[in-house]
file data-v8.csv (CSV, C-alpha atoms)
chain,number,residue,atom,x,y,z
A,1,MET,CA,10.4,20.9,-5.5
A,2,LYS,CA,6.9,19.7,-6.1
A,3,LYS,CA,4.2,20.1,-3.4
A,4,LEU,CA,2.4,17.1,-2.0
A,5,VAL,CA,-1.0,16.6,-0.3
A,6,LEU,CA,-1.1,13.7,2.2
A,7,ILE,CA,-4.5,12.1,2.8
A,8,GLY,CA,-4.4,10.4,6.2
A,9,GLY,CA,-3.0,11.8,9.5
A,10,GLY,CA,-2.7,8.6,11.5
A,11,GLY,CA,0.3,6.5,12.4
A,12,HIS,CA,0.8,5.2,8.9
A,13,GLY,CA,0.7,8.8,7.7
A,14,LYS,CA,3.5,9.8,10.1
A,15,VAL,CA,5.7,7.0,8.7
A,16,VAL,CA,4.9,8.0,5.1
A,17,LEU,CA,5.9,11.6,6.0
A,18,ASP,CA,9.3,10.4,7.2
A,19,VAL,CA,9.8,8.6,3.8
A,20,MET,CA,8.7,11.8,1.9
A,21,ARG,CA,11.2,13.9,3.9
A,22,ALA,CA,14.0,11.4,3.5
A,23,GLN,CA,13.4,11.1,-0.3
A,24,GLY,CA,13.6,14.9,-0.6
A,25,ASP,CA,11.6,15.3,-3.8
A,26,TYR,CA,8.4,16.9,-2.3
A,27,GLU,CA,7.4,19.7,0.0
A,28,LEU,CA,4.3,19.0,2.2
A,29,ALA,CA,1.4,21.4,1.3
A,30,GLY,CA,-1.5,19.8,3.2
A,31,ILE,CA,-2.7,16.9,5.4
A,32,GLY,CA,-6.3,15.9,4.7
A,33,ASP,CA,-8.1,13.8,7.3
A,34,ASP,CA,-11.8,13.7,8.1
A,35,LYS,CA,-10.9,13.7,11.8
A,36,TYR,CA,-10.6,17.4,11.4
A,37,THR,CA,-13.8,19.4,11.8
A,38,HIS,CA,-12.4,22.5,10.1
A,39,SER,CA,-9.3,23.7,8.3
A,40,PHE,CA,-6.4,25.5,9.7
A,41,SER,CA,-2.8,26.3,8.8
A,42,GLN,CA,0.2,25.2,10.9
A,43,ASP,CA,3.7,26.1,9.8
A,44,GLY,CA,2.4,26.9,6.4
A,45,ILE,CA,0.8,23.5,6.0
A,46,LEU,CA,-3.0,23.2,5.5
A,47,HIS,CA,-4.7,20.7,7.9
A,48,GLY,CA,-8.4,19.9,7.4
A,49,PRO,CA,-11.0,17.6,6.1
A,50,VAL,CA,-10.2,15.7,2.9
A,51,ALA,CA,-12.6,17.8,0.8
A,52,ASP,CA,-10.7,20.9,1.8
A,53,MET,CA,-7.6,19.7,0.0
A,54,ALA,CA,-9.3,20.3,-3.4
A,55,GLU,CA,-8.1,23.9,-3.6
A,56,LEU,CA,-4.4,22.8,-3.3
A,57,LEU,CA,-4.9,20.1,-5.8
A,58,ARG,CA,-6.2,22.5,-8.5
A,59,ASP,CA,-2.5,23.0,-9.1
A,60,ASP,CA,-1.7,20.3,-11.7
A,61,ASP,CA,1.9,20.1,-10.4
A,62,CYS,CA,0.7,19.3,-6.8
A,63,ARG,CA,0.9,15.5,-6.1
A,64,LEU,CA,-1.2,13.4,-3.9
A,65,PHE,CA,-0.6,10.5,-1.6
A,66,ILE,CA,-3.1,8.3,0.4
A,67,ALA,CA,-1.4,7.4,3.6
A,68,ILE,CA,-3.9,4.8,4.9
A,69,GLY,CA,-2.8,1.3,5.8
A,70,ASN,CA,-6.0,-0.6,5.2
A,71,ASN,CA,-6.1,-1.7,1.5
A,72,ARG,CA,-9.9,-1.5,1.1
A,73,THR,CA,-10.1,1.9,2.7
A,74,ARG,CA,-7.2,3.2,0.5
A,75,ARG,CA,-9.1,2.0,-2.6
A,76,ALA,CA,-12.3,3.6,-1.4
A,77,VAL,CA,-10.6,6.9,-0.8
A,78,MET,CA,-8.9,6.8,-4.3
A,79,GLU,CA,-12.3,6.1,-5.9
A,80,ARG,CA,-13.9,8.9,-3.9
A,81,LEU,CA,-11.2,11.5,-4.9
A,82,GLY,CA,-11.4,10.6,-8.6
A,83,TYR,CA,-7.8,11.6,-9.5
A,84,PRO,CA,-5.9,9.6,-12.1
A,85,GLU,CA,-2.9,7.5,-11.0
A,86,SER,CA,-0.6,10.0,-12.6
A,87,ARG,CA,-1.4,12.6,-9.9
A,88,TYR,CA,-0.1,10.3,-7.2
A,89,ALA,CA,3.5,10.5,-5.9
A,90,VAL,CA,5.7,7.4,-5.6
A,91,LEU,CA,7.6,7.6,-2.3
A,92,ILE,CA,10.8,5.5,-1.9
A,93,HIS,CA,13.1,5.7,1.1
A,94,PRO,CA,16.7,6.2,0.2
A,95,ARG,CA,17.6,3.2,2.4
A,96,ALA,CA,15.4,0.9,0.2
A,97,THR,CA,17.1,-1.2,-2.5
A,98,LEU,CA,15.7,-1.4,-6.0
A,99,GLY,CA,17.0,-3.7,-8.7
A,100,SER,CA,17.1,-3.0,-12.4
A,101,GLY,CA,13.9,-3.1,-14.3
A,102,VAL,CA,11.7,-2.5,-11.3
A,103,THR,CA,8.4,-0.6,-11.9
A,104,ILE,CA,6.3,1.0,-9.2
A,105,GLY,CA,2.8,2.4,-9.7
A,106,GLY,CA,1.5,5.8,-8.5
A,107,GLY,CA,0.6,6.1,-4.9
A,108,SER,CA,2.9,3.4,-3.7
A,109,VAL,CA,5.5,3.6,-0.9
A,110,VAL,CA,8.7,1.7,-0.3
A,111,MET,CA,9.9,1.8,3.3
A,112,PRO,CA,13.5,1.8,4.6
A,113,GLY,CA,15.3,-1.5,4.4
A,114,ALA,CA,12.9,-3.0,1.8
A,115,VAL,CA,14.4,-4.8,-1.1
A,116,ILE,CA,12.7,-5.1,-4.5
A,117,ASN,CA,14.8,-7.1,-6.9
A,118,HIS,CA,15.2,-7.3,-10.7
A,119,GLY,CA,12.2,-7.0,-12.9
A,120,ALA,CA,9.6,-6.9,-10.1
A,121,ARG,CA,6.4,-5.0,-11.0
A,122,ILE,CA,4.6,-3.2,-8.2
A,123,GLY,CA,1.0,-1.9,-8.9
A,124,ALA,CA,-0.6,1.4,-7.8
A,125,GLN,CA,-1.3,2.2,-4.1
A,126,CYS,CA,1.0,-0.5,-2.7
A,127,ILE,CA,2.8,-0.6,0.6
A,128,ILE,CA,6.2,-2.3,0.7
A,129,ASN,CA,6.9,-2.0,4.4
A,130,THR,CA,10.0,-1.9,6.4
A,131,GLY,CA,12.5,-4.7,5.7
A,132,ALA,CA,10.2,-6.5,3.3
A,133,ILE,CA,11.7,-8.5,0.4
A,134,VAL,CA,10.1,-8.7,-3.0
A,135,GLU,CA,12.3,-10.9,-5.2
A,136,HIS,CA,12.9,-11.0,-8.9
A,137,GLU,CA,10.1,-11.0,-11.4
A,138,ASN,CA,7.4,-10.7,-8.8
A,139,LEU,CA,4.1,-9.2,-10.0
A,140,LEU,CA,2.0,-7.3,-7.4
A,141,GLY,CA,-1.4,-5.9,-8.2
A,142,SER,CA,-2.7,-2.6,-6.9
A,143,PHE,CA,-3.6,-1.9,-3.2
A,144,VAL,CA,-1.3,-4.6,-1.9
A,145,HIS,CA,0.4,-4.4,1.5
A,146,ILE,CA,3.6,-6.4,2.1
A,147,SER,CA,4.2,-6.1,5.9
A,148,PRO,CA,7.5,-5.6,7.7
A,149,SER,CA,10.0,-8.5,7.3
A,150,ALA,CA,7.7,-10.4,4.9
A,151,ALA,CA,9.5,-12.1,2.0
A,152,LEU,CA,8.3,-13.2,-1.4
A,153,ALA,CA,10.6,-15.5,-3.3
A,154,GLY,CA,11.1,-15.2,-7.1
A,155,ASP,CA,8.2,-15.3,-9.7
A,156,VAL,CA,5.4,-14.8,-7.1
A,157,THR,CA,2.1,-13.2,-8.2
A,158,VAL,CA,0.0,-11.3,-5.7
A,159,GLY,CA,-3.5,-10.2,-6.6
A,160,ASP,CA,-5.0,-6.8,-6.0
A,161,GLY,CA,-5.8,-5.8,-2.4
A,162,THR,CA,-3.9,-8.7,-0.7
A,163,HIS,CA,-2.2,-8.3,2.7
A,164,ILE,CA,0.9,-10.3,3.4
A,165,GLY,CA,1.3,-10.3,7.1
A,166,LEU,CA,4.3,-9.5,9.4
A,167,GLY,CA,7.2,-11.9,8.7
A,168,ALA,CA,5.1,-14.1,6.4
A,169,LYS,CA,6.9,-16.0,3.6
A,170,VAL,CA,5.9,-17.1,0.1
A,171,ILE,CA,8.0,-19.7,-1.8
A,172,GLU,CA,9.0,-19.3,-5.4
A,173,GLY,CA,6.4,-19.3,-8.2
A,174,LEU,CA,3.2,-19.2,-6.2
A,175,THR,CA,0.1,-17.1,-6.7
A,176,ILE,CA,-1.6,-15.4,-3.8
A,177,GLY,CA,-5.2,-14.5,-4.8
A,178,GLY,CA,-6.7,-11.1,-4.8
A,179,TRP,CA,-8.1,-9.5,-1.6
A,180,SER,CA,-6.7,-12.3,0.5
A,181,THR,CA,-4.7,-12.2,3.8
A,182,LEU,CA,-1.6,-14.3,4.6
A,183,GLY,CA,-1.3,-14.2,8.4
A,184,ALA,CA,1.7,-13.0,10.4
A,185,GLY,CA,4.5,-15.6,10.3
A,186,ALA,CA,2.6,-17.9,7.9
A,187,VAL,CA,4.6,-19.8,5.2
A,188,ALA,CA,2.8,-20.3,1.9
A,189,VAL,CA,4.0,-23.5,0.1
A,190,ASP,CA,1.0,-23.7,-2.2
A,191,ASP,CA,-1.2,-21.2,-4.0
A,192,ILE,CA,-3.6,-19.2,-1.8
A,193,PRO,CA,-7.1,-18.7,-3.2
A,194,ALA,CA,-8.6,-15.2,-3.6
A,195,GLN,CA,-10.6,-13.6,-0.8
A,196,CYS,CA,-9.5,-15.9,2.0
A,197,THR,CA,-7.5,-15.7,5.2
A,198,ALA,CA,-4.7,-18.2,5.4
A,199,VAL,CA,-2.5,-18.8,8.4
A,200,GLY,CA,0.1,-21.3,9.8
A,201,VAL,CA,3.1,-23.3,8.6
A,202,PRO,CA,2.3,-24.4,6.0
A,203,ALA,CA,-0.4,-21.8,5.4
A,204,LYS,CA,-4.0,-23.1,5.1
A,205,PRO,CA,-7.2,-21.1,4.5
A,206,ILE,CA,-9.3,-20.7,7.6
A,207,LYS,CA,-11.9,-18.2,6.3
A,208,TYR,CA,-13.4,-17.2,3.0
A,209,ALA,CA,-15.0,-13.8,2.3
A,210,ASP,CA,-18.8,-14.0,1.9
A,211,GLN,CA,-18.7,-17.7,2.5
A,212,PRO,CA,-18.5,-18.1,6.3
A,213,ASP,CA,-19.5,-21.8,6.3
A,214,GLN,CA,-17.3,-22.9,3.4
A,215,LEU,CA,-14.4,-24.2,5.5
A,216,ALA,CA,-16.7,-26.0,7.9
A,217,GLN,CA,-18.4,-27.7,4.9
A,218,ARG,CA,-15.1,-28.8,3.5
A,219,ARG,CA,-14.1,-30.4,6.9
A,220,ALA,CA,-17.5,-32.2,7.2

call {"tool": "encode", "arguments": {"input": "data-v8.csv", "output": "structure tokens"}}
result
Amino acid sequence: MKKLVLIGGGGHGKVVLDVMRAQGDYELAGIGDDKYTHSFSQDGILHGPVADMAELLRDDDCRLFIAIGNNRTRRAVMERLGYPESRYAVLIHPRATLGSGVTIGGGSVVMPGAVINHGARIGAQCIINTGAIVEHENLLGSFVHISPSAALAGDVTVGDGTHIGLGAKVIEGLTIGGWSTLGAGAVAVDDIPAQCTAVGVPAKPIKYADQPDQLAQRRA
């Protein structure tokens, strides 16, 4: 059984640990979190600041997982650590359902009850959360989070870093731009631009990153 170092000791980390244990492919070697001021061993597991996990990761067979829910923070931590995607575990709960031809990038987690159907491609460092549905031929970039009970119909494209909120829906064939947010319960019936927040039924952009006055200007 391979060893695994988990980065992130918060609530999301606890859920990821449950998935790891249910999957049964890895043995936890360490939990790195900068909330710790020093390192200590508990039940044979190293707890300590992220930098102190480097000793464990000198073993090329030891895998790594960033258990942080925020997409931007997850990306920043991956860049800080500097390990290639191949060093990251893929964690899939045994109660998730995966169709044929599905691919999943390193550092991604698939929670219980999630469904990923035929030919879907999931990038690196993604979260497919509890009960989420990713339909056939979907293409998800890296650092994407599909929240619990959200559903993407077939042939949907989701850009890097995007967060699809709790219970949100996306109809077939749409593109959701990178680093955008589709709010909880929203229903996307048209493409959603990059770097915006869209809410409602049907979903409409209400805010654009780095352009706080853009929506007001459009309404003027």

call {"tool": "closest_residue", "arguments": {"input": "data-v8.csv", "among": "A:Ala168, A:Ile92, A:Ile176, A:Val15", "to": "Val144 (chain A)", "atoms": "all atoms listed in the file"}}
result
A:Ile176

call {"tool": "closest_residue", "arguments": {"input": "data-v8.csv", "among": "A:Glu172, A:Asp33, A:Asp190, A:Asp25", "to": "Leu4 (chain A)", "atoms": "all atoms listed in the file"}}
result
A:Asp25

call {"tool": "closest_residue", "arguments": {"input": "data-v8.csv", "among": "A:Asn70, A:Asp60, A:Leu98, A:Asn138", "to": "Ser86 (chain A)", "atoms": "all atoms listed in the file"}}
result
A:Asp60

call {"tool": "atom_distance", "arguments": {"input": "data-v8.csv", "atom1": "CA of Gly107 (chain A)", "atom2": "CA of Gly167 (chain A)"}}
result
23.5 Å

call {"tool": "closest_residue", "arguments": {"input": "data-v8.csv", "among": "A:Gly48, A:Gly154, A:Pro148, A:Gly11", "to": "Val134 (chain A)", "atoms": "only C-alpha atoms"}}
result
A:Gly154

call {"tool": "residues_near_point", "arguments": {"input": "data-v8.csv", "point": "(2.9, -2.1, -8.3)", "cutoff": "12 Å", "atoms": "only C-alpha atoms", "output": "PyMOL selection string"}}
result
chain A and resi 85+90+102-110+116+119-128+134+137-146+157-161

call {"tool": "closest_residue", "arguments": {"input": "data-v8.csv", "among": "A:Gly13, A:Gly165, A:Gly173, A:Pro84", "to": "Gly200 (chain A)", "atoms": "only C-alpha atoms"}}
result
A:Gly165

call {"tool": "closest_residue", "arguments": {"input": "data-v8.csv", "among": "A:Ala51, A:Gly69, A:Leu56, A:Tyr36", "to": "Gly82 (chain A)", "atoms": "only C-alpha atoms"}}
result
A:Ala51

call {"tool": "atom_distance", "arguments": {"input": "data-v8.csv", "atom1": "CA of Ala114 (chain A)", "atom2": "CA of Asn129 (chain A)"}}
result
6.6 Å

call {"tool": "residues_around", "arguments": {"input": "data-v8.csv", "residues": "Pro94 (chain A)", "least_positions_apart": "3", "cutoff": "9 Å", "atoms": "only C-alpha atoms", "output": "list in words"}}
result
Val19, Ala22, Gln23, Thr97, Met111, Pro112 and Gly113 of chain A

call {"tool": "atom_distance", "arguments": {"input": "data-v8.csv", "atom1": "CA of Ile192 (chain A)", "atom2": "CA of Arg75 (chain A)"}}
result
21.9 Å

call {"tool": "residues_around", "arguments": {"input": "data-v8.csv", "residues": "Arg58 (chain A)", "least_positions_apart": "5", "cutoff": "12 Å", "atoms": "all atoms listed in the file", "output": "CSV table (one decimal) with C-alpha atoms, in the frame of the given file"}}
result
chain,number,residue,atom,x,y,z
A,3,LYS,CA,4.2,20.1,-3.4
A,5,VAL,CA,-1.0,16.6,-0.3
A,52,ASP,CA,-10.7,20.9,1.8
A,53,MET,CA,-7.6,19.7,0.0
A,63,ARG,CA,0.9,15.5,-6.1
A,64,LEU,CA,-1.2,13.4,-3.9
A,83,TYR,CA,-7.8,11.6,-9.5
A,87,ARG,CA,-1.4,12.6,-9.9

call {"tool": "build_atoms", "arguments": {"input": "data-v8.csv", "residues": "region 52-84 of chain A", "atoms": "N, CA and C atoms", "output": "tab-separated table (two decimals), keeping the file's coordinate frame"}}
result
chain	number	residue	atom	x	y	z
A	52	ASP	N	-11.38	19.62	1.79
A	52	ASP	CA	-10.70	20.90	1.80
A	52	ASP	C	-9.38	20.95	1.08
A	53	MET	N	-8.89	19.78	0.69
A	53	MET	CA	-7.60	19.70	0.00
A	53	MET	C	-7.78	20.01	-1.51
A	54	ALA	N	-9.02	20.09	-1.99
A	54	ALA	CA	-9.30	20.30	-3.40
A	54	ALA	C	-8.65	21.56	-3.94
A	55	GLU	N	-8.65	22.62	-3.13
A	55	GLU	CA	-8.10	23.90	-3.60
A	55	GLU	C	-6.58	23.73	-3.88
A	56	LEU	N	-5.85	23.04	-3.02
A	56	LEU	CA	-4.40	22.80	-3.30
A	56	LEU	C	-4.22	21.97	-4.53
A	57	LEU	N	-5.11	21.00	-4.74
A	57	LEU	CA	-4.90	20.10	-5.80
A	57	LEU	C	-5.39	20.63	-7.19
A	58	ARG	N	-5.91	21.86	-7.19
A	58	ARG	CA	-6.20	22.50	-8.50
A	58	ARG	C	-4.88	22.82	-9.22
A	59	ASP	N	-3.78	22.90	-8.49
A	59	ASP	CA	-2.50	23.00	-9.10
A	59	ASP	C	-2.07	21.69	-9.69
A	60	ASP	N	-1.97	21.62	-11.01
A	60	ASP	CA	-1.70	20.30	-11.70
A	60	ASP	C	-0.33	19.76	-11.29
A	61	ASP	N	0.58	20.60	-10.79
A	61	ASP	CA	1.90	20.10	-10.40
A	61	ASP	C	1.90	19.56	-8.95
A	62	CYS	N	0.81	19.77	-8.21
A	62	CYS	CA	0.70	19.30	-6.80
A	62	CYS	C	0.41	17.77	-6.90
A	63	ARG	N	1.14	16.98	-6.17
A	63	ARG	CA	0.90	15.50	-6.10
A	63	ARG	C	0.16	15.16	-4.87
A	64	LEU	N	-0.32	13.93	-4.88
A	64	LEU	CA	-1.20	13.40	-3.90
A	64	LEU	C	-0.72	12.08	-3.37
A	65	PHE	N	-0.98	11.79	-2.10
A	65	PHE	CA	-0.60	10.50	-1.60
A	65	PHE	C	-1.61	10.07	-0.50
A	66	ILE	N	-2.16	8.85	-0.62
A	66	ILE	CA	-3.10	8.30	0.40
A	66	ILE	C	-2.33	7.49	1.38
A	67	ALA	N	-2.16	8.02	2.57
A	67	ALA	CA	-1.40	7.40	3.60
A	67	ALA	C	-2.28	6.66	4.60
A	68	ILE	N	-2.96	5.63	4.10
A	68	ILE	CA	-3.90	4.80	4.90
A	68	ILE	C	-3.50	3.37	4.74
A	69	GLY	N	-3.30	2.68	5.86
A	69	GLY	CA	-2.80	1.30	5.80
A	69	GLY	C	-3.74	0.28	5.30
A	70	ASN	N	-5.03	0.44	5.56
A	70	ASN	CA	-6.00	-0.60	5.20
A	70	ASN	C	-6.22	-0.54	3.65
A	71	ASN	N	-6.07	-1.69	3.01
A	71	ASN	CA	-6.10	-1.70	1.50
A	71	ASN	C	-7.48	-1.34	0.98
A	72	ARG	N	-8.55	-1.84	1.58
A	72	ARG	CA	-9.90	-1.50	1.10
A	72	ARG	C	-10.21	-0.02	1.28
A	73	THR	N	-9.82	0.51	2.42
A	73	THR	CA	-10.10	1.90	2.70
A	73	THR	C	-9.27	2.79	1.70
A	74	ARG	N	-8.03	2.39	1.43
A	74	ARG	CA	-7.20	3.20	0.50
A	74	ARG	C	-7.86	3.17	-0.90
A	75	ARG	N	-8.38	2.02	-1.33
A	75	ARG	CA	-9.10	2.00	-2.60
A	75	ARG	C	-10.32	2.84	-2.61
A	76	ALA	N	-11.10	2.78	-1.52
A	76	ALA	CA	-12.30	3.60	-1.40
A	76	ALA	C	-12.03	5.07	-1.50
A	77	VAL	N	-10.96	5.50	-0.82
A	77	VAL	CA	-10.60	6.90	-0.80
A	77	VAL	C	-10.13	7.33	-2.23
A	78	MET	N	-9.36	6.49	-2.90
A	78	MET	CA	-8.90	6.80	-4.30
A	78	MET	C	-10.13	6.97	-5.19
A	79	GLU	N	-11.08	6.06	-5.07
A	79	GLU	CA	-12.30	6.10	-5.90
A	79	GLU	C	-13.08	7.40	-5.59
A	80	ARG	N	-13.16	7.73	-4.32
A	80	ARG	CA	-13.90	8.90	-3.90
A	80	ARG	C	-13.22	10.20	-4.45
A	81	LEU	N	-11.91	10.26	-4.42
A	81	LEU	CA	-11.20	11.50	-4.90
A	81	LEU	C	-11.28	11.63	-6.39
A	82	GLY	N	-11.18	10.54	-7.13
A	82	GLY	CA	-11.40	10.60	-8.60
A	82	GLY	C	-10.18	11.08	-9.37
A	83	TYR	N	-9.00	11.20	-8.77
A	83	TYR	CA	-7.80	11.60	-9.50
A	83	TYR	C	-7.16	10.45	-10.20
A	84	PRO	N	-6.57	10.67	-11.39
A	84	PRO	CA	-5.90	9.60	-12.10
A	84	PRO	C	-4.62	9.17	-11.36
